[in-house]
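Q: Input file: model_22.cif. Contents: mmCIF, C-alpha atoms.
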```cif
data_my_file
loop_
_atom_site.group_PDB
_atom_site.id
_atom_site.type_symbol
_atom_site.label_atom_id
_atom_site.label_comp_id
_atom_site.auth_asym_id
_atom_site.auth_seq_id
_atom_site.Cartn_x
_atom_site.Cartn_y
_atom_site.Cartn_z
ATOM 1 C CA MET W 198 62.582 126.989 110.295
ATOM 2 C CA ARG W 199 60.601 123.764 110.709
ATOM 3 C CA ALA W 200 58.503 122.861 107.691
ATOM 4 C CA HIS W 201 54.776 122.856 108.189
ATOM 5 C CA GLY W 202 53.432 119.395 108.935
ATOM 6 C CA THR W 203 56.649 117.772 110.213
ATOM 7 C CA ASP W 204 55.050 117.393 113.652
ATOM 8 C CA GLY W 205 52.548 114.942 112.243
ATOM 9 C CA PRO W 206 50.015 112.576 113.791
ATOM 10 C CA ALA W 207 52.615 109.879 114.548
ATOM 11 C CA SER W 208 54.783 112.319 116.491
ATOM 12 C CA LEU W 209 51.807 113.685 118.400
ATOM 13 C CA HIS W 210 50.720 110.143 119.245
ATOM 14 C CA GLU W 211 54.179 109.275 120.582
ATOM 15 C CA ARG W 212 54.255 112.398 122.737
ATOM 16 C CA ALA W 213 50.786 111.683 124.085
ATOM 17 C CA ALA W 214 51.765 108.116 124.912
ATOM 18 C CA GLU W 215 54.892 109.303 126.746
ATOM 19 C CA ASN W 216 52.899 111.891 128.687
ATOM 20 C CA LEU W 217 50.250 109.329 129.589
ATOM 21 C CA SER W 218 52.912 106.898 130.787
ATOM 22 C CA TYR W 219 54.494 109.619 132.925
ATOM 23 C CA ILE W 220 51.131 110.604 134.419
ATOM 24 C CA ARG W 221 50.261 107.002 135.266
ATOM 25 C CA ASP W 222 53.631 106.488 136.931
ATOM 26 C CA ALA W 223 53.263 109.695 138.952
ATOM 27 C CA MET W 224 49.740 108.746 140.013
ATOM 28 C CA GLU W 225 50.918 105.340 141.177
ATOM 29 C CA ARG W 226 53.731 106.879 143.211
ATOM 30 C CA ALA W 227 51.443 109.424 144.838
ATOM 31 C CA GLY W 228 48.306 107.304 144.781
ATOM 32 C CA SER W 229 46.315 105.770 147.562
ATOM 33 C CA PHE W 230 45.607 102.128 148.203
ATOM 34 C CA THR W 231 41.938 102.114 147.231
ATOM 35 C CA ALA W 232 41.441 98.331 147.334
ATOM 36 C CA VAL W 233 40.574 98.402 151.039
ATOM 37 C CA PRO W 234 37.593 96.041 151.101
ATOM 38 C CA GLY W 235 34.321 97.479 152.338
ATOM 39 C CA TRP W 236 32.210 94.323 152.255
ATOM 40 C CA GLY W 237 35.231 92.349 153.386
ATOM 41 C CA GLY W 238 35.382 94.658 156.394
ATOM 42 C CA VAL W 239 31.741 93.862 157.108
ATOM 43 C CA GLY W 240 32.569 90.153 157.010
ATOM 44 C CA MET W 241 35.487 90.733 159.370
ATOM 45 C CA GLY W 242 33.181 92.663 161.693
ATOM 46 C CA LEU W 243 30.607 89.874 161.774
ATOM 47 C CA THR W 244 33.420 87.478 162.682
ATOM 48 C CA GLY W 245 34.489 89.839 165.467
ATOM 49 C CA LEU W 246 30.938 90.087 166.814
ATOM 50 C CA ALA W 247 30.626 86.307 166.837
ATOM 51 C CA ALA W 248 33.885 86.005 168.768
ATOM 52 C CA ALA W 249 32.750 88.680 171.232
ATOM 53 C CA VAL W 250 29.665 86.577 171.999
ATOM 54 C CA ILE W 251 31.318 83.137 172.019
ATOM 55 C CA ALA W 252 34.617 83.875 173.794
ATOM 56 C CA PRO W 253 33.247 85.043 177.191
ATOM 57 C CA ALA W 254 31.213 81.821 177.458
ATOM 58 C CA GLN W 255 34.312 79.632 177.235
ATOM 59 C CA PRO W 256 35.207 77.582 180.324
ATOM 60 C CA SER W 257 38.854 78.646 180.515
ATOM 61 C CA ALA W 258 41.201 81.471 179.633
ATOM 62 C CA ALA W 259 42.941 79.214 177.113
ATOM 63 C CA ALA W 260 39.630 78.510 175.364
ATOM 64 C CA TRP W 261 38.829 82.239 175.365
ATOM 65 C CA LEU W 262 42.167 82.955 173.728
ATOM 66 C CA ALA W 263 41.738 80.124 171.208
ATOM 67 C CA THR W 264 38.335 81.529 170.215
ATOM 68 C CA TRP W 265 39.763 84.962 169.504
ATOM 69 C CA ILE W 266 42.782 83.556 167.646
ATOM 70 C CA ALA W 267 40.486 81.457 165.441
ATOM 71 C CA ALA W 268 38.325 84.521 164.780
ATOM 72 C CA ALA W 269 41.393 86.598 163.927
ATOM 73 C CA ALA W 270 42.609 83.956 161.466
ATOM 74 C CA LEU W 271 39.184 83.774 159.798
ATOM 75 C CA ALA W 272 38.882 87.574 159.643
ATOM 76 C CA ALA W 273 42.368 87.849 158.134
ATOM 77 C CA ALA W 274 41.458 85.304 155.459
ATOM 78 C CA ILE W 275 38.225 87.177 154.673
ATOM 79 C CA GLY W 276 40.068 90.492 154.484
ATOM 80 C CA LEU W 277 42.849 89.165 152.261
ATOM 81 C CA LEU W 278 40.421 87.477 149.868
ATOM 82 C CA ALA W 279 38.326 90.639 149.700
ATOM 83 C CA VAL W 280 41.397 92.765 148.904
ATOM 84 C CA VAL W 281 42.428 90.402 146.101
ATOM 85 C CA LEU W 282 38.923 90.368 144.602
ATOM 86 C CA LYS W 283 38.502 94.155 144.840
ATOM 87 C CA SER W 284 41.947 94.720 143.326
ATOM 88 C CA ARG W 285 41.075 92.503 140.369
ATOM 89 C CA SER W 286 37.672 94.081 139.790
ATOM 90 C CA ALA W 287 39.218 97.565 139.928
ATOM 91 C CA GLY W 288 42.082 96.583 137.636
ATOM 92 C CA VAL W 289 44.623 97.508 140.312
ATOM 93 C CA SER W 290 47.737 95.434 140.855
ATOM 94 C CA PHE W 291 47.847 93.699 144.226
ATOM 95 C CA PHE W 292 51.560 94.533 144.250
ATOM 96 C CA SER W 293 51.282 98.190 143.248
ATOM 97 C CA ARG W 294 53.322 100.789 145.105
ATOM 98 C CA PRO W 295 50.372 102.032 147.227
ATOM 99 C CA ALA W 296 49.497 98.426 148.140
ATOM 100 C CA ARG W 297 53.074 97.715 149.218
ATOM 101 C CA GLN W 298 53.162 100.932 151.245
ATOM 102 C CA PHE W 299 49.906 100.001 152.951
ATOM 103 C CA ALA W 300 51.242 96.527 153.811
ATOM 104 C CA LEU W 301 54.538 97.893 155.110
ATOM 105 C CA GLY W 302 52.716 100.396 157.314
ATOM 106 C CA PHE W 303 50.182 97.845 158.540
ATOM 107 C CA SER W 304 52.347 94.783 159.222
ATOM 108 C CA PRO W 305 54.813 95.786 161.998
ATOM 109 C CA ALA W 306 52.165 96.488 164.638
ATOM 110 C CA ILE W 307 50.304 93.281 163.744
ATOM 111 C CA LEU W 308 53.466 91.187 164.063
ATOM 112 C CA THR W 309 54.231 92.917 167.358
ATOM 113 C CA GLY W 310 50.756 92.055 168.596
ATOM 114 C CA ALA W 311 51.228 88.388 167.693
ATOM 115 C CA LEU W 312 54.528 88.179 169.583
ATOM 116 C CA LEU W 313 53.167 89.990 172.637
ATOM 117 C CA THR W 314 50.125 87.709 172.646
ATOM 118 C CA VAL W 315 52.406 84.698 173.035
ATOM 119 C CA ALA W 316 54.517 86.441 175.682
ATOM 120 C CA LEU W 317 51.542 87.583 177.773
ATOM 121 C CA HIS W 318 49.905 84.168 177.522
ATOM 122 C CA GLN W 319 53.078 82.541 178.802
ATOM 123 C CA ALA W 320 53.279 85.102 181.604
ATOM 124 C CA GLY W 321 49.657 84.484 182.588
ATOM 125 C CA ARG W 322 48.596 88.073 181.857
ATOM 126 C CA ILE W 323 45.961 87.571 179.181
ATOM 127 C CA GLU W 324 43.724 90.171 180.836
ATOM 128 C CA LEU W 325 45.946 92.719 179.106
ATOM 129 C CA LEU W 326 45.277 91.281 175.660
ATOM 130 C CA PRO W 327 42.021 93.116 174.763
ATOM 131 C CA GLY W 328 43.611 96.534 175.249
ATOM 132 C CA LEU W 329 46.817 95.419 173.564
ATOM 133 C CA TRP W 330 45.025 93.997 170.538
ATOM 134 C CA LEU W 331 42.870 97.068 170.047
ATOM 135 C CA LEU W 332 45.782 99.483 170.466
ATOM 136 C CA LEU W 333 48.134 97.643 168.113
ATOM 137 C CA TYR W 334 45.437 97.020 165.519
ATOM 138 C CA GLY W 335 44.529 100.696 165.690
ATOM 139 C CA ALA W 336 48.187 101.640 165.249
ATOM 140 C CA ALA W 337 48.417 99.288 162.259
ATOM 141 C CA VAL W 338 45.306 100.746 160.632
ATOM 142 C CA VAL W 339 46.464 104.335 161.161
ATOM 143 C CA ALA W 340 49.929 103.570 159.759
ATOM 144 C CA GLY W 341 48.660 101.606 156.771
ATOM 145 C CA GLY W 342 45.759 103.987 156.285
ATOM 146 C CA THR W 343 48.189 106.823 155.654
ATOM 147 C CA PHE W 344 48.493 105.297 152.179
ATOM 148 C CA SER W 345 44.784 104.646 151.781
ATOM 149 C CA VAL W 346 41.476 106.493 151.636
ATOM 150 C CA ARG W 347 40.806 109.102 154.338
ATOM 151 C CA VAL W 348 38.258 107.132 156.316
ATOM 152 C CA VAL W 349 40.697 104.298 157.124
ATOM 153 C CA PRO W 350 42.975 106.237 159.537
ATOM 154 C CA LEU W 351 39.848 107.517 161.314
ATOM 155 C CA MET W 352 38.828 103.935 161.997
ATOM 156 C CA GLY W 353 42.303 103.283 163.381
ATOM 157 C CA ILE W 354 42.022 106.240 165.751
ATOM 158 C CA LEU W 355 38.749 104.880 167.122
ATOM 159 C CA PHE W 356 40.440 101.515 167.685
ATOM 160 C CA LEU W 357 43.150 103.315 169.661
ATOM 161 C CA PHE W 358 40.476 105.013 171.759
ATOM 162 C CA LEU W 359 38.776 101.701 172.555
ATOM 163 C CA GLY W 360 42.134 100.106 173.306
ATOM 164 C CA ALA W 361 42.984 102.792 175.835
ATOM 165 C CA ILE W 362 39.658 102.210 177.587
ATOM 166 C CA ALA W 363 40.083 98.420 177.565
ATOM 167 C CA LEU W 364 43.619 98.554 178.904
ATOM 168 C CA PHE W 365 42.590 100.331 182.111
ATOM 169 C CA SER W 366 39.125 98.843 182.631
ATOM 170 C CA SER W 367 37.542 95.729 184.069
ATOM 171 C CA THR W 368 37.372 92.459 182.168
ATOM 172 C CA ALA W 369 33.707 93.048 181.353
ATOM 173 C CA VAL W 370 34.346 96.508 179.901
ATOM 174 C CA ALA W 371 37.346 95.204 177.944
ATOM 175 C CA ALA W 372 35.132 92.484 176.451
ATOM 176 C CA VAL W 373 32.625 95.116 175.315
ATOM 177 C CA CYS W 374 35.457 97.141 173.781
ATOM 178 C CA LEU W 375 36.639 94.084 171.832
ATOM 179 C CA GLY W 376 33.185 93.581 170.360
ATOM 180 C CA ALA W 377 32.775 97.274 169.647
ATOM 181 C CA GLY W 378 36.133 97.446 167.884
ATOM 182 C CA PHE W 379 36.581 94.221 165.957
ATOM 183 C CA GLY W 380 32.847 93.888 165.440
ATOM 184 C CA VAL W 381 30.969 97.179 165.218
ATOM 185 C CA LEU W 382 33.744 99.427 163.872
ATOM 186 C CA HIS W 383 34.592 96.977 161.099
ATOM 187 C CA ILE W 384 30.942 96.731 160.080
ATOM 188 C CA VAL W 385 30.238 100.478 160.165
ATOM 189 C CA PHE W 386 33.399 101.507 158.349
ATOM 190 C CA GLY W 387 33.082 98.567 155.960
ATOM 191 C CA ILE W 388 29.683 99.843 154.860
ATOM 192 C CA ILE W 389 31.041 103.397 154.503
ATOM 193 C CA ILE W 390 33.980 102.208 152.402
ATOM 194 C CA ALA W 391 31.758 99.970 150.263
ATOM 195 C CA ARG W 392 29.366 102.818 149.486
ATOM 196 C CA ARG W 393 31.948 105.537 148.918
ATOM 197 C CA TYR W 394 34.741 103.578 147.270
ATOM 198 C CA GLY W 395 33.006 100.663 145.645
ATOM 199 C CA GLY W 396 32.814 97.237 147.256
#
```
Give the structure from this file in structure tokens form.
A:
Amino acid sequence: MRAHGTDGPASLHERAAENLSYIRDAMERAGSFTAVPGWGGVGMGLTGLAAAVIAPAQPSAAAWLATWIAAAALAAAIGLLAVVLKSRSAGVSFFSRPARQFALGFSPAILTGALLTVALHQAGRIELLPGLWLLLYGAAVVAGGTFSVRVVPLMGILFLFLGAIALFSSTAVAAVCLGAGFGVLHIVFGIIIARRYGG
């Protein structure tokens, strides 16, 4: 029979530390990527709105495309910086398992979109790009959002909806869809994420 007191404070502390370590590991494995940037999304949306206003006024299709590519590069930089800053402020590793899962889900559709942009530009079919961009970005957000907070996949679904409209509509309607997606949706959902999930 165990003597009274052998399971002392040191032993209890060790067990508690082991249990805490196990719980943290399990939470990381099953956790969500919560560093999706709300205010960063707003910044991305403002960039998208600016592009939606500036691009149609360009004198050529090449200039229109260059405007949107520049806006996409700026929005990506804003989003990445916002993720890094939010991760640091929340004390979450930028390379945590949920973050890696989000990136792996998000990246393939984005890379596909980049390659198809080049191919369609070379083929002279850039009128297909608005629908393509919205659809593939929506697919990326839905896939990555599976490992994030609930509101993120919903935003991706709305991008898919706008992409479907843009793909089978006139140039003018497609332009409106681009602004609504990369501008308005980013702003609205950015504000929701910032308020509900902190920054």
Q: Using only C-alpha atoms, which of W:Leu308, W:Val346, W:Ala337, W:Ala267 sits nearest Gly395 in chain W?
A: W:Val346
Q: Compile the contact shell of range 269-278 of chain W as number ranges by chain: residues with an atom at most 9 Å away, counting all atoms listed in the file, same-chain residues fewer than 3 positions apart removed.
A: W: 233-234, 237-238, 240-245, 248, 264-266, 281-283
Q: Can you pull out the residues contacting Ala247 in chain W? Cut-off 9 Å, using only C-alpha atoms, and skip same-chain residues under 5 positions away; I want them as a PDB file with C-alpha atoms, keeping the file's coordinate frame.
A:
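Result file is part-v8.pdb:
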```
ATOM      1  CA  GLY W 242      33.181  92.663 161.693  1.00  0.00           C
ATOM      2  CA  ALA W 252      34.617  83.875 173.794  1.00  0.00           C
ATOM      3  CA  ALA W 268      38.325  84.521 164.780  1.00  0.00           C
ATOM      4  CA  GLY W 376      33.185  93.581 170.360  1.00  0.00           C
ATOM      5  CA  GLY W 380      32.847  93.888 165.440  1.00  0.00           C
TER       6      GLY W 380
END
```
Q: When the PyMOL selection byres ((chain W and resi 362) around 12) is applied to the structure above, which residues does it catch, written out as a list in words?
A: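 So the PyMOL selection byres ((chain W and resi 362) around 12) ends up selecting Leu325, Pro327, Gly328, Leu329, Leu331, Leu332, Leu355, Phe356, Leu357, Phe358, Leu359, Gly360, Ala361, Ala363, Leu364, Phe365, Ser366, Ser367, Thr368, Ala369, Val370, Ala371, Ala372, Val373, Cys374, Leu375, Ala377 and Gly378 of chain W.
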Q: What would the selection look like, as a list in words, if the PyMOL selection byres ((chain W and resi 349) around 10) were run on the coordinates I just shared?
A: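 With the PyMOL selection byres ((chain W and resi 349) around 10) on this model, the match is Val233, Val338, Val339, Ala340, Gly341, Gly342, Thr343, Phe344, Ser345, Val346, Arg347, Val348, Pro350, Leu351, Met352, Gly353, Ile354, Phe386, Gly387 and Ile390 of chain W.
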Q: Using only C-alpha atoms, can you tell me which of W:Ile307, W:Leu317, W:Val280, W:Ala259 comes closest to Leu333 in chain W?
A: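 Of the candidates, the smallest distance to Leu333 in chain W is held by W:Ile307.
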Q: Determine the axis-aligned bounding box of all atoms of range 272-289 of chain W present in the file, pad each side by 5 Å, and express its centre and edge lengths in Å to one decimal place as AutoDock Vina command-line options.
A:
```
--center_x 41.1 --center_y 91.4 --center_z 148.6 --size_x 17.0 --size_y 22.3 --size_z 32.0
```
Q: Please supply range 323-352 of chain W, rebuilt with N, CA and C atoms, as a PDB file, keeping the file's coordinate frame.
A:
```
ATOM      1  N   ILE W 323      46.810  87.390 180.360  1.00  0.00           N
ATOM      2  CA  ILE W 323      45.961  87.571 179.181  1.00  0.00           C
ATOM      3  C   ILE W 323      44.889  88.640 179.386  1.00  0.00           C
ATOM      4  N   GLU W 324      44.688  89.088 180.628  1.00  0.00           N
ATOM      5  CA  GLU W 324      43.724  90.171 180.836  1.00  0.00           C
ATOM      6  C   GLU W 324      44.159  91.462 180.156  1.00  0.00           C
ATOM      7  N   LEU W 325      45.437  91.538 179.810  1.00  0.00           N
ATOM      8  CA  LEU W 325      45.946  92.719 179.106  1.00  0.00           C
ATOM      9  C   LEU W 325      45.727  92.647 177.596  1.00  0.00           C
ATOM     10  N   LEU W 326      45.353  91.474 177.114  1.00  0.00           N
ATOM     11  CA  LEU W 326      45.277  91.281 175.660  1.00  0.00           C
ATOM     12  C   LEU W 326      44.213  92.133 174.959  1.00  0.00           C
ATOM     13  N   PRO W 327      42.999  92.285 175.493  1.00  0.00           N
ATOM     14  CA  PRO W 327      42.021  93.116 174.763  1.00  0.00           C
ATOM     15  C   PRO W 327      42.537  94.523 174.469  1.00  0.00           C
ATOM     16  N   GLY W 328      43.070  95.200 175.475  1.00  0.00           N
ATOM     17  CA  GLY W 328      43.611  96.534 175.249  1.00  0.00           C
ATOM     18  C   GLY W 328      44.780  96.527 174.282  1.00  0.00           C
ATOM     19  N   LEU W 329      45.658  95.537 174.444  1.00  0.00           N
ATOM     20  CA  LEU W 329      46.817  95.419 173.564  1.00  0.00           C
ATOM     21  C   LEU W 329      46.403  95.215 172.112  1.00  0.00           C
ATOM     22  N   TRP W 330      45.476  94.278 171.904  1.00  0.00           N
ATOM     23  CA  TRP W 330      45.025  93.997 170.538  1.00  0.00           C
ATOM     24  C   TRP W 330      44.403  95.233 169.882  1.00  0.00           C
ATOM     25  N   LEU W 331      43.537  95.892 170.610  1.00  0.00           N
ATOM     26  CA  LEU W 331      42.870  97.068 170.047  1.00  0.00           C
ATOM     27  C   LEU W 331      43.863  98.189 169.750  1.00  0.00           C
ATOM     28  N   LEU W 332      44.792  98.420 170.670  1.00  0.00           N
ATOM     29  CA  LEU W 332      45.782  99.483 170.466  1.00  0.00           C
ATOM     30  C   LEU W 332      46.689  99.190 169.273  1.00  0.00           C
ATOM     31  N   LEU W 333      47.203  97.960 169.197  1.00  0.00           N
ATOM     32  CA  LEU W 333      48.134  97.643 168.113  1.00  0.00           C
ATOM     33  C   LEU W 333      47.417  97.546 166.769  1.00  0.00           C
ATOM     34  N   TYR W 334      46.190  97.040 166.770  1.00  0.00           N
ATOM     35  CA  TYR W 334      45.437  97.020 165.519  1.00  0.00           C
ATOM     36  C   TYR W 334      45.126  98.445 165.072  1.00  0.00           C
ATOM     37  N   GLY W 335      44.764  99.296 166.029  1.00  0.00           N
ATOM     38  CA  GLY W 335      44.529 100.696 165.690  1.00  0.00           C
ATOM     39  C   GLY W 335      45.772 101.357 165.127  1.00  0.00           C
ATOM     40  N   ALA W 336      46.930 101.085 165.755  1.00  0.00           N
ATOM     41  CA  ALA W 336      48.187 101.640 165.249  1.00  0.00           C
ATOM     42  C   ALA W 336      48.483 101.140 163.845  1.00  0.00           C
ATOM     43  N   ALA W 337      48.193  99.858 163.590  1.00  0.00           N
ATOM     44  CA  ALA W 337      48.417  99.288 162.259  1.00  0.00           C
ATOM     45  C   ALA W 337      47.519  99.944 161.218  1.00  0.00           C
ATOM     46  N   VAL W 338      46.250 100.155 161.575  1.00  0.00           N
ATOM     47  CA  VAL W 338      45.306 100.746 160.632  1.00  0.00           C
ATOM     48  C   VAL W 338      45.653 102.213 160.352  1.00  0.00           C
ATOM     49  N   VAL W 339      46.064 102.939 161.375  1.00  0.00           N
ATOM     50  CA  VAL W 339      46.464 104.335 161.161  1.00  0.00           C
ATOM     51  C   VAL W 339      47.698 104.397 160.267  1.00  0.00           C
ATOM     52  N   ALA W 340      48.687 103.553 160.552  1.00  0.00           N
ATOM     53  CA  ALA W 340      49.929 103.570 159.759  1.00  0.00           C
ATOM     54  C   ALA W 340      49.680 103.148 158.318  1.00  0.00           C
ATOM     55  N   GLY W 341      48.972 102.041 158.134  1.00  0.00           N
ATOM     56  CA  GLY W 341      48.660 101.606 156.771  1.00  0.00           C
ATOM     57  C   GLY W 341      47.709 102.553 156.081  1.00  0.00           C
ATOM     58  N   GLY W 342      46.755 103.092 156.852  1.00  0.00           N
ATOM     59  CA  GLY W 342      45.759 103.987 156.285  1.00  0.00           C
ATOM     60  C   GLY W 342      46.315 105.304 155.785  1.00  0.00           C
ATOM     61  N   THR W 343      47.537 105.632 156.191  1.00  0.00           N
ATOM     62  CA  THR W 343      48.189 106.823 155.654  1.00  0.00           C
ATOM     63  C   THR W 343      48.300 106.736 154.141  1.00  0.00           C
ATOM     64  N   PHE W 344      48.368 105.520 153.617  1.00  0.00           N
ATOM     65  CA  PHE W 344      48.493 105.297 152.179  1.00  0.00           C
ATOM     66  C   PHE W 344      47.177 104.841 151.569  1.00  0.00           C
ATOM     67  N   SER W 345      46.079 105.096 152.269  1.00  0.00           N
ATOM     68  CA  SER W 345      44.784 104.646 151.781  1.00  0.00           C
ATOM     69  C   SER W 345      43.795 105.810 151.769  1.00  0.00           C
ATOM     70  N   VAL W 346      42.521 105.470 151.656  1.00  0.00           N
ATOM     71  CA  VAL W 346      41.476 106.493 151.636  1.00  0.00           C
ATOM     72  C   VAL W 346      41.317 107.101 153.029  1.00  0.00           C
ATOM     73  N   ARG W 347      40.793 108.312 153.103  1.00  0.00           N
ATOM     74  CA  ARG W 347      40.806 109.102 154.338  1.00  0.00           C
ATOM     75  C   ARG W 347      40.094 108.445 155.508  1.00  0.00           C
ATOM     76  N   VAL W 348      39.068 107.687 155.235  1.00  0.00           N
ATOM     77  CA  VAL W 348      38.258 107.132 156.316  1.00  0.00           C
ATOM     78  C   VAL W 348      38.998 106.040 157.084  1.00  0.00           C
ATOM     79  N   VAL W 349      39.994 105.410 156.477  1.00  0.00           N
ATOM     80  CA  VAL W 349      40.697 104.298 157.124  1.00  0.00           C
ATOM     81  C   VAL W 349      41.468 104.741 158.367  1.00  0.00           C
ATOM     82  N   PRO W 350      42.293 105.802 158.309  1.00  0.00           N
ATOM     83  CA  PRO W 350      42.975 106.237 159.537  1.00  0.00           C
ATOM     84  C   PRO W 350      42.007 106.628 160.653  1.00  0.00           C
ATOM     85  N   LEU W 351      40.845 107.170 160.300  1.00  0.00           N
ATOM     86  CA  LEU W 351      39.848 107.517 161.314  1.00  0.00           C
ATOM     87  C   LEU W 351      39.401 106.268 162.064  1.00  0.00           C
ATOM     88  N   MET W 352      39.189 105.186 161.337  1.00  0.00           N
ATOM     89  CA  MET W 352      38.828 103.935 161.997  1.00  0.00           C
ATOM     90  C   MET W 352      39.938 103.501 162.948  1.00  0.00           C
TER      91      MET W 352
END
```
